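Participant: Structure file entry04.txt, compact mmCIF, C-alpha atoms and all ligand atoms, is pasted below:
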# COMPACT_ATOMS: atom_id res chain seq x y z
CA MET A 26 120.81 119.49 136.51
CA PRO A 27 121.29 121.06 139.96
CA VAL A 28 123.29 124.29 139.81
CA THR A 29 125.33 124.66 142.98
CA PRO A 30 128.29 127.01 142.67
CA THR A 31 131.14 126.30 145.04
CA SER A 32 131.25 129.93 146.09
CA GLY A 33 128.89 132.89 146.11
CA ARG A 34 125.41 133.22 144.71
CA LEU A 35 123.85 132.52 141.35
CA GLN A 36 123.70 135.70 139.30
CA TRP A 37 120.99 137.17 137.07
CA THR A 38 123.01 136.02 134.04
CA ASP A 39 122.83 132.42 135.35
CA VAL A 40 119.01 132.51 135.09
CA PRO A 41 117.79 130.70 131.92
CA PRO A 42 116.82 133.24 129.22
CA PRO A 43 113.15 132.03 129.05
CA LEU A 44 112.70 132.84 132.75
CA ARG A 45 114.43 136.20 132.38
CA ALA A 46 112.14 137.00 129.44
CA ARG A 47 109.08 135.90 131.39
CA LEU A 48 110.03 138.08 134.34
CA GLU A 49 110.63 141.14 132.15
CA ASP A 50 107.28 140.50 130.50
CA ALA A 51 105.48 140.18 133.85
CA LEU A 52 107.23 143.23 135.26
CA GLY A 53 106.42 145.24 132.15
CA SER A 54 109.94 146.60 131.80
CA PRO A 55 113.38 145.29 130.84
CA VAL A 56 115.93 144.62 133.58
CA THR A 57 118.84 147.04 133.22
CA SER A 58 120.96 145.67 136.06
CA ALA A 59 120.88 143.21 138.94
CA VAL A 60 122.57 143.86 142.27
CA THR A 61 123.31 141.03 144.69
CA PRO A 62 123.31 142.30 148.28
CA LYS A 63 125.99 141.20 150.70
CA GLY A 64 124.92 138.89 153.50
CA GLY A 65 123.27 135.52 153.89
CA PHE A 66 124.69 132.11 153.16
CA GLY A 67 122.47 130.87 150.35
CA HIS A 68 123.69 130.01 146.85
CA GLN A 69 120.52 130.90 144.94
CA LEU A 70 119.86 134.10 143.02
CA ALA A 71 118.77 136.77 145.52
CA ALA A 72 119.07 140.16 143.87
CA THR A 73 117.61 143.59 143.38
CA LEU A 74 116.51 144.06 139.78
CA ASN A 75 116.72 147.60 138.46
CA LEU A 76 114.10 148.10 135.74
CA ALA A 77 114.32 150.40 132.72
CA ASP A 78 111.28 152.36 133.98
CA GLY A 79 113.08 153.19 137.23
CA ARG A 80 111.31 150.70 139.51
CA GLN A 81 113.15 148.13 141.62
CA VAL A 82 112.02 144.67 142.67
CA PHE A 83 113.70 141.92 144.66
CA VAL A 84 113.88 138.43 143.15
CA LYS A 85 114.87 135.01 144.49
CA ALA A 86 115.27 132.15 142.02
CA ALA A 87 116.75 128.67 141.70
CA PRO A 88 116.30 125.52 139.58
CA ASP A 89 113.28 123.32 140.40
CA ASP A 90 115.47 120.53 141.75
CA ASP A 91 117.37 122.83 144.10
CA PRO A 92 116.03 122.43 147.68
CA LEU A 93 116.00 126.23 147.99
CA THR A 94 113.18 126.38 145.43
CA ALA A 95 110.77 124.67 147.86
CA ALA A 96 111.90 127.17 150.50
CA ASN A 97 111.29 130.08 148.12
CA VAL A 98 107.83 128.80 147.23
CA HIS A 99 107.06 128.45 150.96
CA GLU A 100 108.32 131.99 151.56
CA ALA A 101 106.09 133.29 148.78
CA ALA A 102 103.04 131.56 150.27
CA VAL A 103 103.87 132.99 153.69
CA LEU A 104 104.31 136.55 152.38
CA ASP A 105 100.91 136.21 150.74
CA VAL A 106 99.09 135.46 154.02
CA LEU A 107 100.96 137.51 156.62
CA PRO A 108 98.51 139.89 158.33
CA PRO A 109 98.43 143.53 157.24
CA GLY A 110 101.00 145.49 159.20
CA ALA A 111 103.35 142.51 159.62
CA PRO A 112 106.98 143.66 159.20
CA ALA A 113 107.44 142.00 155.79
CA PRO A 114 107.61 143.05 152.12
CA GLU A 115 104.71 142.18 149.80
CA LEU A 116 104.77 139.23 147.42
CA LEU A 117 104.59 140.47 143.83
CA GLY A 118 104.53 137.16 141.95
CA ILE A 119 105.78 133.60 141.40
CA HIS A 120 107.08 132.73 137.93
CA PRO A 121 108.05 129.24 136.75
CA ALA A 122 109.92 128.78 133.47
CA ALA A 123 112.69 126.59 132.03
CA ASP A 124 112.65 124.32 135.10
CA TRP A 125 113.33 127.22 137.44
CA ILE A 126 111.04 129.20 139.75
CA ALA A 127 111.46 132.91 140.52
CA VAL A 128 109.71 134.68 143.38
CA VAL A 129 109.34 138.44 143.01
CA ILE A 130 109.07 140.50 146.20
CA ALA A 131 108.61 144.23 146.86
CA HIS A 132 111.99 145.92 147.10
CA LEU A 133 113.07 147.37 150.44
CA ASP A 134 115.46 150.27 150.40
CA GLY A 135 118.02 150.56 153.15
CA PRO A 136 120.80 148.80 155.04
CA HIS A 137 120.58 145.91 157.45
CA PRO A 138 119.60 147.18 160.88
CA ASP A 139 122.36 148.09 163.27
CA LEU A 140 121.75 145.82 166.26
CA SER A 141 124.61 147.32 168.30
CA PRO A 142 123.87 149.07 171.63
CA ALA A 143 124.53 152.44 169.94
CA SER A 144 121.46 152.12 167.69
CA GLY A 145 117.71 152.17 168.27
CA ASP A 146 117.19 149.32 165.77
CA ALA A 147 117.33 146.58 168.41
CA ALA A 148 114.58 148.25 170.46
CA GLN A 149 112.50 148.61 167.30
CA THR A 150 113.00 144.90 166.54
CA TRP A 151 111.94 143.87 170.07
CA ALA A 152 108.78 146.01 169.65
CA LEU A 153 108.02 144.38 166.28
CA LEU A 154 108.34 140.93 167.85
CA ASP A 155 105.99 141.87 170.67
CA LYS A 156 103.39 143.00 168.14
CA LEU A 157 103.90 140.00 165.84
CA THR A 158 103.50 137.40 168.61
CA SER A 159 100.94 139.01 170.91
CA SER A 160 98.00 137.22 169.26
CA PRO A 161 97.55 133.87 167.51
CA ALA A 162 98.37 133.54 163.81
CA THR A 163 95.43 133.86 161.43
CA ALA A 164 93.89 130.69 159.98
CA PRO A 165 95.30 131.32 156.46
CA TYR A 166 98.81 131.77 157.90
CA ALA A 167 98.48 128.65 160.07
CA ALA A 168 97.35 126.65 157.01
CA VAL A 169 100.37 127.75 154.97
CA ALA A 170 102.76 127.13 157.88
CA SER A 171 101.44 123.59 158.33
CA ASN A 172 102.44 122.76 154.73
CA ALA A 173 106.15 122.86 155.54
CA PRO A 174 107.92 120.86 158.24
CA SER A 175 109.31 123.11 160.97
CA THR A 176 113.10 123.00 160.98
CA THR A 177 113.00 124.94 164.25
CA ALA A 178 111.37 122.07 166.13
CA ALA A 179 114.16 119.72 164.98
CA LEU A 180 117.06 121.76 166.39
CA HIS A 181 119.50 119.82 168.58
CA GLY A 182 123.21 119.22 169.05
CA TRP A 183 124.07 118.70 172.72
CA ASP A 184 122.95 115.06 172.52
CA GLU A 185 125.72 114.33 170.00
CA LEU A 186 128.29 116.43 171.85
CA LEU A 187 127.45 114.62 175.11
CA ALA A 188 127.96 111.25 173.42
CA ASP A 189 131.39 112.26 172.13
CA PRO A 190 132.59 115.52 173.76
CA PRO A 191 135.10 117.37 171.57
CA GLY A 192 138.33 118.43 173.23
CA ASP A 193 137.81 122.11 172.45
CA LEU A 194 134.34 122.40 174.02
CA ALA A 195 133.91 125.66 175.99
CA PRO A 196 134.34 125.10 179.76
CA VAL A 197 130.76 126.28 180.50
CA ALA A 198 129.40 123.77 177.99
CA ARG A 199 131.58 120.99 179.35
CA ALA A 200 130.48 121.71 182.93
CA HIS A 201 126.78 121.68 181.98
CA LEU A 202 126.71 119.11 179.15
CA PRO A 203 124.19 116.69 180.73
CA GLN A 204 121.88 119.57 181.71
CA LEU A 205 122.14 121.14 178.24
CA ALA A 206 121.29 117.80 176.62
CA GLU A 207 118.33 117.36 179.00
CA LEU A 208 116.99 120.85 178.28
CA GLU A 209 117.36 120.35 174.56
CA ALA A 210 115.52 117.02 174.79
CA THR A 211 112.45 118.83 176.16
CA TRP A 212 112.37 121.23 173.20
CA PRO A 213 110.48 119.11 170.59
CA THR A 214 107.47 118.76 172.91
CA LEU A 215 107.52 122.48 173.75
CA ALA A 216 108.02 123.61 170.15
CA HIS A 217 104.32 123.72 169.29
CA GLY A 218 102.29 126.90 169.42
CA ASN A 219 99.97 129.13 167.46
CA ARG A 220 102.07 132.26 166.99
CA ILE A 221 103.78 133.51 163.83
CA VAL A 222 107.46 132.50 163.84
CA HIS A 223 109.90 133.98 161.31
CA GLY A 224 112.36 131.26 162.22
CA ASP A 225 115.65 132.80 161.01
CA LEU A 226 115.94 136.23 162.58
CA ARG A 227 119.38 137.75 162.05
CA ALA A 228 120.42 141.25 161.00
CA ASP A 229 121.04 140.00 157.45
CA ASN A 230 117.44 138.79 157.30
CA MET A 231 116.17 142.29 158.09
CA VAL A 232 116.32 145.55 156.18
CA ARG A 233 115.90 149.00 157.76
CA ASP A 234 113.76 150.40 154.97
CA HIS A 235 113.86 154.19 154.65
CA ASN A 236 110.05 154.40 154.77
CA ARG A 237 108.91 151.34 156.74
CA GLY A 238 111.67 151.05 159.34
CA VAL A 239 112.98 147.63 160.34
CA THR A 240 111.37 144.95 158.16
CA PHE A 241 111.95 141.19 158.28
CA VAL A 242 112.94 139.42 155.03
CA ASP A 243 113.74 135.79 154.16
CA TRP A 244 110.58 134.16 155.52
CA ALA A 245 111.66 130.78 154.08
CA HIS A 246 111.66 129.14 157.52
CA ALA A 247 108.42 130.72 158.72
CA THR A 248 106.23 128.48 160.81
CA THR A 249 103.94 128.56 163.82
CA GLY A 250 105.19 127.96 167.33
CA PRO A 251 105.48 129.41 170.80
CA ALA A 252 105.82 133.20 170.99
CA CYS A 253 109.37 133.03 172.34
CA ILE A 254 111.22 131.60 169.31
CA ASP A 255 112.10 134.77 167.40
CA ALA A 256 112.82 136.84 170.52
CA ALA A 257 115.09 134.10 171.88
CA SER A 258 116.78 133.78 168.46
CA LEU A 259 117.40 137.52 168.41
CA ALA A 260 119.15 137.40 171.79
CA PRO A 261 122.46 135.83 170.62
CA GLN A 262 122.42 138.12 167.56
CA LEU A 263 122.41 141.10 169.92
CA VAL A 264 125.35 139.67 171.84
CA LEU A 265 127.18 139.24 168.52
CA ALA A 266 126.38 142.90 167.82
CA GLY A 267 128.05 144.02 171.06
CA HIS A 268 125.39 143.87 173.79
CA ALA A 269 126.40 142.46 177.17
CA PRO A 270 124.99 138.95 177.69
CA ALA A 271 123.76 140.05 181.16
CA ASP A 272 121.68 142.86 179.61
CA ILE A 273 120.16 140.55 177.01
CA SER A 274 119.45 137.89 179.63
CA HIS A 275 117.63 140.56 181.65
CA LEU A 276 115.64 141.62 178.57
CA LEU A 277 114.52 138.04 177.95
CA HIS A 278 113.06 138.02 181.46
CA GLN A 279 111.09 141.18 180.60
CA HIS A 280 109.99 140.83 176.98
CA PRO A 281 106.36 139.62 176.71
CA ALA A 282 107.26 136.93 174.16
CA THR A 283 109.81 135.25 176.44
CA ALA A 284 108.92 136.33 180.00
CA THR A 285 105.61 134.45 180.00
CA ASN A 286 107.25 131.19 179.01
CA PRO A 287 110.72 130.88 180.60
CA GLU A 288 110.86 127.08 180.43
CA THR A 289 110.15 127.01 176.69
CA THR A 290 112.58 129.87 176.11
CA THR A 291 115.39 128.03 177.90
CA ALA A 292 114.67 124.77 176.06
CA PHE A 293 114.72 126.57 172.71
CA LEU A 294 117.93 128.44 173.52
CA ALA A 295 119.53 125.13 174.52
CA ALA A 296 118.45 123.45 171.27
CA LEU A 297 119.57 126.40 169.10
CA THR A 298 122.91 126.72 170.88
CA GLY A 299 123.48 122.96 170.70
CA HIS A 300 122.79 123.06 166.96
CA TRP A 301 125.40 125.81 166.54
CA HIS A 302 128.02 124.11 168.75
CA ARG A 303 127.62 120.84 166.83
CA ASN A 304 127.37 122.28 163.31
CA ALA A 305 130.25 124.77 163.71
CA ARG A 306 132.52 121.71 163.91
CA LYS A 307 131.30 120.14 160.66
CA PRO A 308 132.95 120.62 157.24
CA ALA A 309 131.58 123.67 155.40
CA PRO A 310 128.82 122.89 152.88
CA PRO A 311 129.50 124.04 149.29
CA GLY A 312 128.33 127.54 148.41
CA ALA A 313 127.83 128.66 152.04
CA LEU A 314 130.78 130.97 152.57
CA GLY A 315 131.30 131.99 156.18
CA LEU A 316 128.57 129.76 157.63
CA ARG A 317 130.82 127.74 159.97
CA ASN A 318 132.61 130.86 161.21
CA TYR A 319 129.24 132.48 161.94
CA GLN A 320 128.02 129.36 163.78
CA HIS A 321 131.20 129.31 165.85
CA HIS A 322 130.57 132.88 167.08
CA ALA A 323 126.80 132.37 167.45
CA ALA A 324 127.48 129.24 169.54
CA ALA A 325 129.56 131.28 172.00
CA ALA A 326 126.97 134.09 172.12
CA GLY A 327 124.11 131.65 172.74
CA LEU A 328 126.03 129.91 175.49
CA ALA A 329 126.82 133.24 177.18
CA ILE A 330 123.07 133.94 177.49
CA LEU A 331 122.20 130.39 178.41
CA ASP A 332 124.76 130.49 181.20
CA TYR A 333 122.43 132.90 183.09
CA ARG A 334 119.60 130.36 182.84
CA LEU A 335 121.47 127.20 183.89
CA SER A 336 121.51 125.89 187.47
N1 LIG A 401 112.66 142.57 149.68
C1 LIG A 401 113.94 142.89 149.73
N2 LIG A 401 114.37 144.09 149.30
C2 LIG A 401 115.68 144.43 149.34
N3 LIG A 401 116.65 143.62 149.77
C3 LIG A 401 116.28 142.41 150.21
C4 LIG A 401 114.92 141.98 150.22
N4 LIG A 401 114.87 140.72 150.72
C5 LIG A 401 116.12 140.37 151.00
N5 LIG A 401 116.98 141.37 150.71
C6 LIG A 401 118.46 141.35 150.85
O1 LIG A 401 118.96 140.21 150.17
C7 LIG A 401 119.69 139.36 151.04
C8 LIG A 401 119.38 137.92 150.68
O2 LIG A 401 117.98 137.71 150.75
P1 LIG A 401 117.38 136.47 151.54
O3 LIG A 401 117.93 136.48 152.92
O4 LIG A 401 115.91 136.50 151.40
O5 LIG A 401 117.99 135.30 150.67
P2 LIG A 401 118.42 133.82 151.07
O6 LIG A 401 119.17 133.26 149.93
O7 LIG A 401 117.21 133.10 151.52
O8 LIG A 401 119.33 134.09 152.28
P3 LIG A 401 120.08 133.14 153.24
O9 LIG A 401 121.43 133.19 152.69
O10 LIG A 401 119.90 133.86 154.54
O11 LIG A 401 119.47 131.79 153.22
C9 LIG A 401 119.24 139.76 152.44
O12 LIG A 401 120.29 139.55 153.34
C10 LIG A 401 118.93 141.22 152.27
O13 LIG A 401 120.11 142.00 152.38
MG MG A 402 118.76 135.45 154.32
Now that the file is in, can you turn its structure into structure tokens?
Ligand SMILES: Nc1ncnc2c1ncn2[C@@H]1O[C@H](COP(=O)(O)OP(=O)(O)OP(=O)(O)O)[C@@H](O)[C@H]1O
Ligand SMILES: [Mg+2]
Facilitator:
Amino acid sequence: MPVTPTSGRLQWTDVPPPLRARLEDALGSPVTSAVTPKGGFGHQLAATLNLADGRQVFVKAAPDDDPLTAANVHEAAVLDVLPPGAPAPELLGIHPAADWIAVVIAHLDGPHPDLSPASGDAAQTWALLDKLTSSPATAPYAAVASNAPSTTAALHGWDELLADPPGDLAPVARAHLPQLAELEATWPTLAHGNRIVHGDLRADNMVRDHNRGVTFVDWAHATTGPACIDAASLAPQLVLAGHAPADISHLLHQHPATATNPETTTAFLAALTGHWHRNARKPAPPGALGLRNYQHHAAAAGLAILDYRLS
């Protein structure tokens, strides 16, 4: 039976006892406590397990028939083939039991990065993205990425808003609706590429680990694509964190991942922003607290950047 709580995440105590026993066996130590971090919108178990021997691991788990299980299995496969030095934690194991699957990942210790202008974390993240996308993905990574359909390539929203414009559409969006829909329509053909794409880069999908520095987590949407996707996704996050849209727009013209491909960057930003503008207006899905509110703000941030790229 699918387990989908109407609010919050599954807890360690929701995990079937045979899977808990299997994990403790594989980890070689009983679990003394489980801590669910704040952040994210998922309903699955995503928690730090504190072990009796003092170690910590991070675990994500859900029932087999929960769509998040396929995403977790994809994430595990991706973590296993990311090149050495990639800003990601190591995969420690995948454990099926009692019609659930748990993925165990190395624990990162630290807060989410501070992407505000006052912090150096944003600059560190830009540098990581330059390094991650400056050369093609390895063959093992590309093989794993090709096993899962890219949700990034399917982003859209302006087409539906153009067909039936809502009364509360932002004036900039209203003034440019046909152009936004045209730009977004070019995205699926531009979405292909051979670079590593995290595909869901937000502050809550990063941890500033005390030893490793900024590290990307939640690789469930990882795929291959043009170099610009993660850098362009980061841009609205920085606006949400307090950066001026003009500064971020300027940065996009300078960063290697986006500067070399302005047309693709604009098409992607249009598709992503259209997705947010459309989805922010939909009823909230169960178990995804705060998602619509986030999309509402992200939609405005994306549009503020896009405004500098529209004619
Ligand atoms: N390896 C890790 N070590 C420590 N904390 C982590 C680790 N991976 C993720 N986290 C923390 O757990 C939270 C949830 O993890 P993650 O984003 O992978 O789960 P999710 O259910 O896929 O999230 P989402 O809600 O974004 O879909 C993250 O926001 C982060 O704070
Ligand atoms: Mg997440």
Participant: Taking only C-alpha atoms and all ligand atoms and a cut-off of 12 Å, can you tell me which residues surround ligand MG 402 (chain A), written as a count of residues only?
Facilitator: 36
Participant: Rounded to one decimal place, report the CA of His275 (chain A)-CA of Ala113 (chain A) distance in Å.
Facilitator: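 Taking CA of His275 (chain A) as the start and CA of Ala113 (chain A) as the end point, the length is 27.8 Å.
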Participant: Between A:Thr290, A:Leu328, A:Val264, A:His321, which one has atoms that come closest to Pro142 (chain A), using all atoms listed in the file?
Facilitator: A:Val264
Participant: For ligand LIG 401 (chain A), which residue out of A:Val169, A:Leu314, A:Ala162, A:Ala200 is the nearest one, using only C-alpha atoms and all ligand atoms?
Facilitator: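 Smallest distance to ligand LIG 401 (chain A) is found for A:Leu314.
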Participant: Fewer than 6 positions away in the same chain doesn't count, so skip those; otherwise give me all residues within 9 Å of Leu297 (chain A), counting all atoms listed in the file, as a VMD selection string.
Facilitator: chain A and resid 177 180 to 182 209 258 324 327
Participant: Quick one: of A:Trp301, A:Trp151, A:Trp37, A:Phe83, who's nearest to ligand LIG 401 (chain A), counting only C-alpha atoms and all ligand atoms?
Facilitator: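 Ranked by minimum distance to ligand LIG 401 (chain A), first place goes to A:Phe83.
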Participant: Could you tell me which of A:Arg220, A:Arg45, A:Val239, A:Ala188 comes closest to ligand LIG 401 (chain A) if we count only C-alpha atoms and all ligand atoms?
Facilitator: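 For ligand LIG 401 (chain A), the nearest of the given residues is A:Val239.
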